[in-house]
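Remarks on the structure that follows.
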Amino acid sequence: MTMDSDEQALRRGMITISQSDPLIKLLDQVRLGRMKPTDAGLRAVTASWMGIYQKVIESGGFTTQALRRIDPHPRVALLIESGMLTDDQQAVADLRTSFERAVAAAAE
């Protein structure tokens with residue numbers, strides 16, 4: 001991939017992830033007490049976002065540097081801290097594993 005196509009792939013991935021990102025709108029609702037972290041709708045949105053994030057990561061073609069820019073660990077940590085996710089959820093483990101595999105397979 002060329003530098004331009006790498007950047008385009010990264011931008012597409014970031015846009016796809018951000019369109020379903022629960023942190024943007026829903027984390028504040030939880031923090032303000034307007035929603036409970038265990039709300040079924042919130043869980044569904046979060047699960048969908050994690051699946052989308054995993055698909056983006058698994059789509060391949062990212063450099064190590066690009067993957068660092070879309071590292072899911074900080075966002076997942078915030079969602080765990082807020083109670084929207086738990087560390088032992090299979091989806092959390094799957095996303096982390098996908099990311100680690102992508103990093104291991106990525107070109108510098």
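Residues in the structure tokens are named by chain (A, B, ... in the order shown) and by number from 1 within that chain; ligands are numbered from 1 in the order shown.
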- Tell me which protein, DNA and RNA residues are within 12 Å of Arg101 (chain A), counting only C-alpha atoms, leaving out same-chain ones fewer than 2 positions away, and put them as a list of chain:residue names. A:Gln54, A:Ile57, A:Glu58, A:Ser59, A:Gly60, A:Phe62, A:Thr64, A:Leu67, A:Asp94, A:Leu95, A:Arg96, A:Thr97, A:Ser98, A:Phe99, A:Val103, A:Ala104, A:Ala105, A:Ala106
- Mind checking which residues fall within 12 Å of region 33-45 of chain A, counting only C-alpha atoms, ignoring those fewer than 3 positions away in the same chain, and posting them as an NGL selection string? :A and (19-30 or 48-52 or 79-86 or 89 or 91)
- Query: Distance CA of Ile15 (chain A)-CA of Leu32 (chain A), one decimal place?
  - Reply: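 It comes out at 26.6 Å.
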- Message: From a backbone DSSP assignment, name each residue in chain A labelled alpha helix (DSSP H), as a count of residues only.
- Response: 77
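Shortest atom-to-atom contact with Gly13 (chain A) among A:Ala102, A:Val92, A:Ala66, A:Ala77: A:Ala66, counting only C-alpha atoms.
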- Query: In Å, with one decimal, what is the gap from CA of Lys55 (chain A) to CA of Gln90 (chain A)?
  - Reply: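 One can read the CA of Lys55 (chain A) to CA of Gln90 (chain A) distance as 15.4 Å.
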- When you draw a straight line from CA of Thr63 (chain A) to CA of Ala47 (chain A), how long is it in Å?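 Separating CA of Thr63 (chain A) from CA of Ala47 (chain A) is a distance of 25.8 Å.
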